[in-house]
$ cat coords.csv   # CSV, C-alpha atoms
chain,number,residue,atom,x,y,z
A,1,MET,CA,128.3,-121.8,14.2
A,2,SER,CA,124.6,-121.6,13.6
A,3,VAL,CA,123.0,-118.6,12.1
A,4,THR,CA,119.7,-117.2,13.4
A,5,ASN,CA,116.9,-118.2,11.1
A,6,HIS,CA,113.6,-116.4,11.2
A,7,SER,CA,110.8,-118.6,10.3
A,8,ASP,CA,108.2,-116.0,11.0
A,9,VAL,CA,107.9,-114.8,7.4
A,10,ASP,CA,105.4,-116.8,5.4
A,11,THR,CA,107.2,-116.6,2.1
A,12,ILE,CA,104.7,-119.0,0.4
A,13,ALA,CA,101.8,-116.7,1.3
A,14,ALA,CA,104.0,-113.7,0.3
A,15,ARG,CA,104.7,-115.1,-3.2
A,16,LYS,CA,100.9,-115.7,-3.7
A,17,ILE,CA,100.2,-112.1,-2.7
A,18,TRP,CA,102.9,-110.8,-5.0
A,19,ALA,CA,101.6,-112.9,-7.9
A,20,GLU,CA,98.1,-111.6,-7.4
A,21,PHE,CA,99.4,-108.0,-7.0
A,22,GLN,CA,101.1,-108.2,-10.4
A,23,THR,CA,97.9,-109.2,-12.1
A,24,GLN,CA,96.2,-106.1,-10.7
A,25,HIS,CA,99.0,-103.5,-11.1
A,26,ASP,CA,101.1,-102.5,-14.1
A,27,MET,CA,104.7,-103.3,-13.1
A,28,SER,CA,106.2,-102.2,-16.5
A,29,GLY,CA,108.8,-99.6,-16.0
A,30,ARG,CA,109.5,-100.8,-12.5
A,31,GLU,CA,112.1,-103.5,-13.4
A,32,GLY,CA,114.9,-103.5,-10.9
A,33,GLN,CA,112.9,-101.9,-8.1
A,34,THR,CA,112.2,-103.6,-4.8
A,35,ALA,CA,108.9,-104.8,-3.5
A,36,GLY,CA,108.4,-105.7,0.1
A,37,ILE,CA,105.4,-108.0,0.8
A,38,ASP,CA,103.8,-108.4,4.3
A,39,PRO,CA,102.2,-111.9,4.2
A,40,VAL,CA,100.0,-111.1,7.2
A,41,SER,CA,98.5,-107.7,6.2
A,42,GLN,CA,98.9,-108.5,2.5
A,43,ARG,CA,100.4,-105.0,2.1
A,44,VAL,CA,102.9,-104.4,-0.6
A,45,TRP,CA,105.4,-101.5,-0.6
A,46,ILE,CA,107.6,-100.6,-3.6
A,47,GLY,CA,110.8,-98.6,-3.7
A,48,ASP,CA,114.2,-98.4,-5.2
A,49,THR,CA,116.0,-100.2,-2.4
A,50,VAL,CA,115.3,-102.4,0.6
A,51,GLN,CA,116.1,-99.4,2.8
A,52,GLN,CA,113.5,-97.3,1.0
A,53,VAL,CA,110.8,-100.0,1.3
A,54,VAL,CA,111.6,-100.5,5.0
A,55,GLY,CA,111.3,-96.7,5.4
A,56,LEU,CA,107.9,-96.7,3.7
A,57,ARG,CA,106.7,-99.5,5.9
A,58,ASP,CA,108.0,-97.9,9.1
A,59,ALA,CA,106.3,-94.6,8.1
A,60,GLU,CA,103.0,-96.4,8.3
A,61,GLY,CA,103.7,-97.6,11.7
A,62,CYS,CA,104.2,-101.2,10.6
A,63,ASP,CA,107.2,-103.3,11.7
A,64,ALA,CA,106.3,-106.7,10.2
A,65,PRO,CA,109.1,-108.5,8.5
A,66,LEU,CA,108.7,-108.5,4.7
A,67,PHE,CA,109.4,-110.8,1.8
A,68,PHE,CA,111.5,-108.8,-0.7
A,69,VAL,CA,111.5,-109.3,-4.4
A,70,ARG,CA,113.3,-107.6,-7.2
A,71,ILE,CA,110.7,-106.6,-9.8
A,72,GLY,CA,111.4,-108.4,-13.1
A,73,SER,CA,113.8,-110.8,-11.6
A,74,PRO,CA,113.3,-114.4,-10.3
A,75,THR,CA,115.6,-113.8,-7.3
A,76,TYR,CA,116.6,-110.8,-5.3
A,77,TYR,CA,120.3,-111.5,-5.2
A,78,ARG,CA,122.8,-113.2,-7.4
A,79,ASN,CA,125.2,-114.5,-5.0
A,80,GLY,CA,128.9,-115.3,-5.1
A,81,GLY,CA,128.2,-119.0,-4.5
A,82,ARG,CA,130.2,-119.6,-1.4
A,83,ARG,CA,127.5,-122.0,-0.1
B,1,MET,CA,139.8,-94.5,-0.5
B,2,ILE,CA,140.5,-98.1,0.3
B,3,ASP,CA,143.6,-100.0,-0.9
B,4,GLY,CA,143.7,-103.8,-1.1
B,5,THR,CA,145.5,-106.6,-2.8
B,6,VAL,CA,144.9,-109.5,-5.1
B,7,SER,CA,145.6,-112.6,-3.0
B,8,GLU,CA,147.8,-115.5,-3.9
B,9,GLU,CA,144.6,-117.3,-5.0
B,10,GLY,CA,143.8,-114.4,-7.4
B,11,VAL,CA,141.0,-112.9,-5.3
B,12,PRO,CA,140.6,-109.2,-4.8
B,13,VAL,CA,140.6,-108.5,-1.0
B,14,ILE,CA,140.6,-105.6,1.4
B,15,ALA,CA,141.1,-105.4,5.1
B,16,LEU,CA,138.3,-103.8,7.2
B,17,GLU,CA,137.9,-103.2,10.9
B,18,VAL,CA,134.5,-104.5,11.9
B,19,GLY,CA,133.3,-104.9,15.5
B,20,GLY,CA,136.7,-103.9,16.8
B,21,GLU,CA,138.5,-106.6,14.9
B,22,LYS,CA,140.4,-106.7,11.6
B,23,TRP,CA,138.6,-108.8,8.9
B,24,ILE,CA,139.5,-109.8,5.4
B,25,ALA,CA,136.8,-108.8,2.9
B,26,ILE,CA,136.5,-110.4,-0.6
B,27,ILE,CA,135.3,-108.1,-3.4
B,28,ASP,CA,132.9,-110.3,-5.3
B,29,THR,CA,131.6,-108.5,-8.5
B,30,GLY,CA,129.3,-111.6,-9.1
B,31,PHE,CA,127.3,-110.8,-6.0
B,32,ASN,CA,124.8,-108.0,-6.4
B,33,GLY,CA,124.0,-107.6,-2.8
B,34,ALA,CA,125.9,-105.4,-0.3
B,35,LEU,CA,127.3,-107.7,2.3
B,36,GLU,CA,127.6,-111.3,3.3
B,37,LEU,CA,128.9,-111.4,6.9
B,38,PRO,CA,130.3,-114.2,9.1
B,39,ALA,CA,127.8,-115.5,11.6
B,40,GLY,CA,130.2,-114.5,14.4
B,41,LEU,CA,129.5,-110.9,13.7
B,42,GLN,CA,125.7,-111.2,14.0
B,43,GLY,CA,125.6,-110.1,17.7
B,44,ARG,CA,128.3,-107.5,17.3
B,45,LEU,CA,126.9,-105.1,14.7
B,46,ALA,CA,124.1,-102.7,15.1
B,47,GLY,CA,121.4,-104.0,12.8
B,48,ARG,CA,117.9,-105.3,12.5
B,49,PHE,CA,116.1,-108.1,10.9
B,50,VAL,CA,113.8,-106.8,8.1
B,51,GLY,CA,112.7,-109.9,6.3
B,52,ARG,CA,113.5,-112.7,3.8
B,53,VAL,CA,114.9,-112.8,0.3
B,54,VAL,CA,115.7,-115.4,-2.3
B,55,SER,CA,119.3,-115.6,-3.6
B,56,GLN,CA,120.5,-117.4,-6.6
B,57,LEU,CA,123.9,-119.1,-6.0
B,58,ALA,CA,126.5,-119.6,-8.7
B,59,SER,CA,125.5,-123.2,-8.9
B,60,GLY,CA,122.1,-122.1,-10.0
B,61,HIS,CA,120.4,-123.2,-6.8
B,62,GLU,CA,118.1,-120.8,-5.0
B,63,ILE,CA,118.0,-120.3,-1.3
B,64,GLU,CA,115.9,-118.2,1.1
B,65,GLU,CA,117.8,-116.1,3.6
B,66,ASP,CA,117.2,-113.7,6.4
B,67,LEU,CA,117.9,-110.1,5.5
B,68,TYR,CA,119.2,-107.5,7.8
B,69,LEU,CA,120.0,-103.8,7.7
B,70,VAL,CA,123.3,-103.2,9.5
B,71,GLU,CA,125.3,-100.1,10.4
B,72,PHE,CA,128.6,-100.7,8.6
B,73,LEU,CA,131.5,-98.4,8.4
B,74,PHE,CA,132.9,-98.4,4.8
B,75,ASP,CA,135.4,-96.0,3.3
B,76,GLY,CA,134.9,-93.6,6.2
B,77,GLU,CA,131.1,-93.4,6.0
B,78,MET,CA,128.6,-95.3,8.0
B,79,GLN,CA,126.4,-97.3,5.6
B,80,HIS,CA,122.9,-98.6,6.3
B,81,ALA,CA,123.7,-101.8,4.4
B,82,GLU,CA,121.7,-104.9,3.4
B,83,ALA,CA,123.4,-107.9,4.9
B,84,MET,CA,123.0,-111.7,5.2
B,85,PHE,CA,124.8,-113.8,7.8
B,86,ALA,CA,126.3,-117.1,6.9
B,87,PRO,CA,128.6,-119.8,8.4
B,88,VAL,CA,131.7,-118.4,6.6
B,89,GLU,CA,135.0,-117.0,7.8
B,90,GLU,CA,135.3,-113.9,5.5
B,91,ILE,CA,133.3,-110.9,4.7
B,92,LEU,CA,131.9,-110.8,1.1
B,93,ILE,CA,131.4,-107.4,-0.4
B,94,GLY,CA,129.0,-107.1,-3.3
B,95,THR,CA,128.4,-104.5,-6.0
B,96,ARG,CA,125.6,-102.8,-4.1
B,97,LEU,CA,128.0,-101.6,-1.4
B,98,LEU,CA,130.2,-100.2,-4.2
B,99,LYS,CA,127.4,-98.3,-6.0
B,100,GLN,CA,129.0,-94.9,-5.3
B,101,HIS,CA,132.6,-96.1,-5.8
B,102,ARG,CA,135.0,-96.9,-8.5
B,103,LEU,CA,136.7,-100.3,-8.2
B,104,ILE,CA,140.1,-100.8,-9.9
B,105,VAL,CA,141.7,-104.2,-9.8
B,106,ASP,CA,145.1,-104.5,-11.3
B,107,PHE,CA,145.8,-108.2,-11.5
B,108,ARG,CA,149.3,-107.7,-12.9
B,109,GLN,CA,150.4,-105.4,-10.0
B,110,ARG,CA,148.0,-107.3,-7.6
B,111,THR,CA,146.5,-104.1,-6.3
B,112,VAL,CA,142.9,-103.2,-5.5
B,113,THR,CA,141.7,-99.6,-5.2
B,114,ILE,CA,138.2,-98.5,-4.1
B,115,GLU,CA,137.5,-94.8,-4.4
B,116,GLN,CA,134.8,-92.3,-4.8
B,117,PRO,CA,135.2,-90.5,-8.0
$ encode --input "coords.csv" --output "structure tokens"
Amino acid sequence: MSVTNHSDVDTIAARKIWAEFQTQHDMSGREGQTAGIDPVSQRVWIGDTVQQVVGLRDAEGCDAPLFFVRIGSPTYYRNGGRR
Amino acid sequence: MIDGTVSEEGVPVIALEVGGEKWIAIIDTGFNGALELPAGLQGRLAGRFVGRVVSQLASGHEIEEDLYLVEFLFDGEMQHAEAMFAPVEEILIGTRLLKQHRLIVDFRQRTVTIEQP
């Protein structure tokens, strides 16, 4: 059974925005927190969880899908490896 | 409190009712997300697409995945849980869903207990 795949998040652009963001902002002390990057508006929201980041985004009247990163980690999840 | 078992294959599992059906859920302490759900549940759970994430698999490979927030009943409480959908047959529960719980796996007695201390 196929799984819906959203291709409307430009994750390449999001990674560039995140790399630039980190050169301009001190992320020390934020390891483990979640950053959500909107590749269109180039906005970045930071919170403790995805839910919190989405809440911050929603509070600003934005509904764009985000690219989520875990600060200080190369990936967001470490998976069980079933795939 | 949730009671489960250690399967014949040595995997901690619990039974959950999701979308009106009974599902087997594997407790995977190597997975630091909340939920990996069978694709068949995608249209049956209240949830919304929120973006993309990168996951590292046990093989070391990295994959990009769609991320959803879903309403998921767990241990008597409705959770607003992070979830990915995959072409799999079982629910995978990760450590994020267990953040407020104590997990006890007794491999000799083949019992699993998930409780809020």
$ atom_distance --input "coords.csv" --atom1 "CA of Ile114 in chain B" --atom2 "CA of Val13 in chain B"
10.7 Å
$ atom_distance --input "coords.csv" --atom1 "CA of Leu98 in chain B" --atom2 "CA of Tyr76 in chain A"
17.3 Å
$ closest_atom_pairs --input "coords.csv" --of "range 8-81 of chain A" --to "range 46-68 of chain B" --cutoff "12 Å" --atoms "only C-alpha atoms" --output "CSV"
residue,atom,partner,partner_atom,distance
A:Asp8,CA,B:Gly51,CA,8.9
A:Val9,CA,B:Gly51,CA,6.9
A:Asp10,CA,B:Arg52,CA,9.2
A:Thr11,CA,B:Arg52,CA,7.6
A:Ile12,CA,B:Glu64,CA,11.3
A:Ala14,CA,B:Arg52,CA,10.2
A:Arg15,CA,B:Val53,CA,11.0
A:Thr34,CA,B:Val53,CA,10.9
A:Ala35,CA,B:Val53,CA,10.7
A:Gly36,CA,B:Gly51,CA,8.6
A:Ile37,CA,B:Gly51,CA,9.3
A:Asp38,CA,B:Gly51,CA,9.2
A:Pro39,CA,B:Gly51,CA,10.9
A:Val50,CA,B:Val50,CA,8.8
A:Gln51,CA,B:Val50,CA,9.4
A:Gln52,CA,B:Val50,CA,11.9
A:Val53,CA,B:Val50,CA,10.1
A:Val54,CA,B:Val50,CA,7.4
A:Gly55,CA,B:Val50,CA,10.7
A:Arg57,CA,B:Val50,CA,10.4
A:Asp58,CA,B:Val50,CA,10.7
A:Cys62,CA,B:Val50,CA,11.4
A:Asp63,CA,B:Val50,CA,8.3
A:Ala64,CA,B:Val50,CA,7.8
A:Pro65,CA,B:Gly51,CA,4.4
A:Leu66,CA,B:Gly51,CA,4.5
A:Phe67,CA,B:Arg52,CA,4.9
A:Phe68,CA,B:Val53,CA,5.3
A:Val69,CA,B:Val53,CA,6.8
A:Arg70,CA,B:Val53,CA,9.3
A:Ser73,CA,B:Val54,CA,10.5
A:Pro74,CA,B:Val54,CA,8.4
A:Thr75,CA,B:Val54,CA,5.3
A:Tyr76,CA,B:Val54,CA,5.6
A:Tyr77,CA,B:Ser55,CA,4.5
A:Arg78,CA,B:Gln56,CA,4.9
A:Asn79,CA,B:Leu57,CA,4.9
A:Gly80,CA,B:Ala58,CA,6.1
A:Gly81,CA,B:Leu57,CA,4.6
$ residues_around --input "coords.csv" --residues "range 76-88 of chain B" --least-positions-apart "5" --cutoff "6 Å" --atoms "only C-alpha atoms" --output "PDB file with C-alpha atoms, keeping the file's coordinate frame"
ATOM      1  CA  ALA B  34     125.900-105.400  -0.300  1.00  0.00           C
ATOM      2  CA  LEU B  35     127.300-107.700   2.300  1.00  0.00           C
ATOM      3  CA  GLU B  36     127.600-111.300   3.300  1.00  0.00           C
ATOM      4  CA  LEU B  37     128.900-111.400   6.900  1.00  0.00           C
ATOM      5  CA  PRO B  38     130.300-114.200   9.100  1.00  0.00           C
ATOM      6  CA  ALA B  39     127.800-115.500  11.600  1.00  0.00           C
ATOM      7  CA  LEU B  67     117.900-110.100   5.500  1.00  0.00           C
ATOM      8  CA  TYR B  68     119.200-107.500   7.800  1.00  0.00           C
ATOM      9  CA  LEU B  69     120.000-103.800   7.700  1.00  0.00           C
ATOM     10  CA  VAL B  70     123.300-103.200   9.500  1.00  0.00           C
ATOM     11  CA  GLU B  71     125.300-100.100  10.400  1.00  0.00           C
TER      12      GLU B  71
END
$ atom_distance --input "coords.csv" --atom1 "CA of Ile27 in chain B" --atom2 "CA of Val105 in chain B"
9.9 Å
$ closest_residue --input "coords.csv" --among "A:Trp18, A:Ala13, A:Thr49, A:Val44" --to "Gly32 in chain A" --atoms "only C-alpha atoms"
A:Thr49
$ residues_around --input "coords.csv" --residues "Ala15 in chain B" --least-positions-apart "5" --cutoff "6 Å" --atoms "all atoms listed in the file" --output "number ranges by chain"
B: 23-25
$ residues_around --input "coords.csv" --residues "Gln33 in chain A" --least-positions-apart "4" --cutoff "6 Å" --atoms "all atoms listed in the file" --output "list in words"
Gly47, Asp48, Arg70 and Ile71 of chain A
$ residues_around --input "coords.csv" --residues "Arg110 in chain B" --least-positions-apart "5" --cutoff "12 Å" --atoms "all atoms listed in the file" --output "PyMOL selection string"
chain B and resi 3-14+104-105
$ decode --input "coords.csv" --residues "range 4-34 of chain A" --atoms "N, CA, C and O atoms" --output "JSON list (two decimals), in the first residue's frame"
[["chain", "number", "residue", "atom", "x", "y", "z"],
["A", 4, "THR", "N", 1.18, 8.31, 1.40],
["A", 4, "THR", "CA", 1.18, 9.67, 0.87],
["A", 4, "THR", "C", 2.53, 10.33, 1.12],
["A", 4, "THR", "O", 3.06, 10.27, 2.23],
["A", 5, "ASN", "N", 3.09, 10.92, 0.09],
["A", 5, "ASN", "CA", 4.38, 11.57, 0.21],
["A", 5, "ASN", "C", 4.22, 13.02, -0.20],
["A", 5, "ASN", "O", 3.81, 13.32, -1.31],
["A", 6, "HIS", "N", 4.51, 13.90, 0.71],
["A", 6, "HIS", "CA", 4.40, 15.31, 0.42],
["A", 6, "HIS", "C", 5.72, 15.81, -0.13],
["A", 6, "HIS", "O", 6.74, 15.75, 0.55],
["A", 7, "SER", "N", 5.69, 16.29, -1.37],
["A", 7, "SER", "CA", 6.92, 16.80, -1.95],
["A", 7, "SER", "C", 6.94, 18.32, -1.93],
["A", 7, "SER", "O", 7.77, 18.94, -2.58],
["A", 8, "ASP", "N", 6.01, 18.92, -1.14],
["A", 8, "ASP", "CA", 5.93, 20.36, -1.16],
["A", 8, "ASP", "C", 6.74, 21.01, -0.06],
["A", 8, "ASP", "O", 6.51, 22.16, 0.27],
["A", 9, "VAL", "N", 7.70, 20.30, 0.49],
["A", 9, "VAL", "CA", 8.62, 20.91, 1.44],
["A", 9, "VAL", "C", 10.01, 20.85, 0.81],
["A", 9, "VAL", "O", 10.55, 19.77, 0.59],
["A", 10, "ASP", "N", 10.56, 22.01, 0.50],
["A", 10, "ASP", "CA", 11.87, 22.07, -0.14],
["A", 10, "ASP", "C", 12.93, 21.88, 0.94],
["A", 10, "ASP", "O", 13.41, 22.85, 1.53],
["A", 11, "THR", "N", 13.27, 20.62, 1.18],
["A", 11, "THR", "CA", 14.18, 20.35, 2.29],
["A", 11, "THR", "C", 15.60, 20.79, 1.98],
["A", 11, "THR", "O", 16.37, 21.09, 2.90],
["A", 12, "ILE", "N", 15.95, 20.87, 0.70],
["A", 12, "ILE", "CA", 17.30, 21.36, 0.35],
["A", 12, "ILE", "C", 17.42, 22.83, 0.74],
["A", 12, "ILE", "O", 18.41, 23.25, 1.36],
["A", 13, "ALA", "N", 16.41, 23.60, 0.38],
["A", 13, "ALA", "CA", 16.42, 25.01, 0.75],
["A", 13, "ALA", "C", 16.38, 25.18, 2.27],
["A", 13, "ALA", "O", 17.06, 26.03, 2.84],
["A", 14, "ALA", "N", 15.60, 24.32, 2.92],
["A", 14, "ALA", "CA", 15.48, 24.41, 4.38],
["A", 14, "ALA", "C", 16.82, 24.16, 5.06],
["A", 14, "ALA", "O", 17.18, 24.83, 6.04],
["A", 15, "ARG", "N", 17.57, 23.19, 4.55],
["A", 15, "ARG", "CA", 18.87, 22.89, 5.15],
["A", 15, "ARG", "C", 19.82, 24.08, 5.00],
["A", 15, "ARG", "O", 20.60, 24.39, 5.90],
["A", 16, "LYS", "N", 19.76, 24.74, 3.84],
["A", 16, "LYS", "CA", 20.62, 25.92, 3.63],
["A", 16, "LYS", "C", 20.24, 27.04, 4.59],
["A", 16, "LYS", "O", 21.10, 27.72, 5.16],
["A", 17, "ILE", "N", 18.93, 27.23, 4.75],
["A", 17, "ILE", "CA", 18.46, 28.27, 5.67],
["A", 17, "ILE", "C", 18.91, 27.96, 7.09],
["A", 17, "ILE", "O", 19.36, 28.83, 7.84],
["A", 18, "TRP", "N", 18.81, 26.70, 7.46],
["A", 18, "TRP", "CA", 19.21, 26.30, 8.81],
["A", 18, "TRP", "C", 20.72, 26.49, 9.02],
["A", 18, "TRP", "O", 21.16, 26.94, 10.07],
["A", 19, "ALA", "N", 21.50, 26.13, 8.02],
["A", 19, "ALA", "CA", 22.96, 26.30, 8.13],
["A", 19, "ALA", "C", 23.30, 27.77, 8.33],
["A", 19, "ALA", "O", 24.14, 28.13, 9.16],
["A", 20, "GLU", "N", 22.63, 28.63, 7.57],
["A", 20, "GLU", "CA", 22.86, 30.06, 7.68],
["A", 20, "GLU", "C", 22.41, 30.57, 9.04],
["A", 20, "GLU", "O", 23.09, 31.40, 9.68],
["A", 21, "PHE", "N", 21.26, 30.08, 9.49],
["A", 21, "PHE", "CA", 20.71, 30.51, 10.78],
["A", 21, "PHE", "C", 21.69, 30.23, 11.91],
["A", 21, "PHE", "O", 21.87, 31.04, 12.83],
["A", 22, "GLN", "N", 22.34, 29.07, 11.84],
["A", 22, "GLN", "CA", 23.26, 28.69, 12.90],
["A", 22, "GLN", "C", 24.53, 29.54, 12.93],
["A", 22, "GLN", "O", 25.19, 29.66, 13.96],
["A", 23, "THR", "N", 24.87, 30.14, 11.79],
["A", 23, "THR", "CA", 26.04, 31.03, 11.78],
["A", 23, "THR", "C", 25.71, 32.39, 12.41],
["A", 23, "THR", "O", 26.59, 33.11, 12.82],
["A", 24, "GLN", "N", 24.41, 32.68, 12.47],
["A", 24, "GLN", "CA", 24.00, 33.99, 12.95],
["A", 24, "GLN", "C", 23.42, 33.96, 14.37],
["A", 24, "GLN", "O", 23.22, 35.01, 14.98],
["A", 25, "HIS", "N", 23.13, 32.75, 14.88],
["A", 25, "HIS", "CA", 22.53, 32.63, 16.20],
["A", 25, "HIS", "C", 23.28, 31.60, 17.02],
["A", 25, "HIS", "O", 23.71, 30.57, 16.50],
["A", 26, "ASP", "N", 23.44, 31.86, 18.29],
["A", 26, "ASP", "CA", 24.13, 30.95, 19.19],
["A", 26, "ASP", "C", 23.18, 29.83, 19.61],
["A", 26, "ASP", "O", 22.20, 30.08, 20.32],
["A", 27, "MET", "N", 23.49, 28.62, 19.16],
["A", 27, "MET", "CA", 22.64, 27.48, 19.47],
["A", 27, "MET", "C", 23.13, 26.70, 20.69],
["A", 27, "MET", "O", 22.54, 25.67, 21.05],
["A", 28, "SER", "N", 24.20, 27.15, 21.31],
["A", 28, "SER", "CA", 24.70, 26.42, 22.48],
["A", 28, "SER", "C", 23.66, 26.49, 23.58],
["A", 28, "SER", "O", 23.00, 27.51, 23.79],
["A", 29, "GLY", "N", 23.49, 25.39, 24.26],
["A", 29, "GLY", "CA", 22.48, 25.31, 25.29],
["A", 29, "GLY", "C", 21.13, 24.88, 24.77],
["A", 29, "GLY", "O", 20.19, 24.68, 25.54],
["A", 30, "ARG", "N", 21.01, 24.77, 23.47],
["A", 30, "ARG", "CA", 19.73, 24.37, 22.85],
["A", 30, "ARG", "C", 19.78, 22.94, 22.30],
["A", 30, "ARG", "O", 18.85, 22.53, 21.62],
["A", 31, "GLU", "N", 20.84, 22.20, 22.60],
["A", 31, "GLU", "CA", 20.93, 20.85, 22.08],
["A", 31, "GLU", "C", 19.70, 20.04, 22.50],
["A", 31, "GLU", "O", 19.27, 20.09, 23.66],
["A", 32, "GLY", "N", 19.18, 19.29, 21.55],
["A", 32, "GLY", "CA", 18.00, 18.48, 21.83],
["A", 32, "GLY", "C", 16.69, 19.17, 21.53],
["A", 32, "GLY", "O", 15.66, 18.51, 21.40],
["A", 33, "GLN", "N", 16.71, 20.48, 21.40],
["A", 33, "GLN", "CA", 15.48, 21.19, 21.06],
["A", 33, "GLN", "C", 15.16, 21.02, 19.58],
["A", 33, "GLN", "O", 16.00, 20.56, 18.80],
["A", 34, "THR", "N", 13.96, 21.39, 19.21],
["A", 34, "THR", "CA", 13.46, 21.22, 17.85],
["A", 34, "THR", "C", 13.41, 22.57, 17.14],
["A", 34, "THR", "O", 12.91, 23.54, 17.71]]
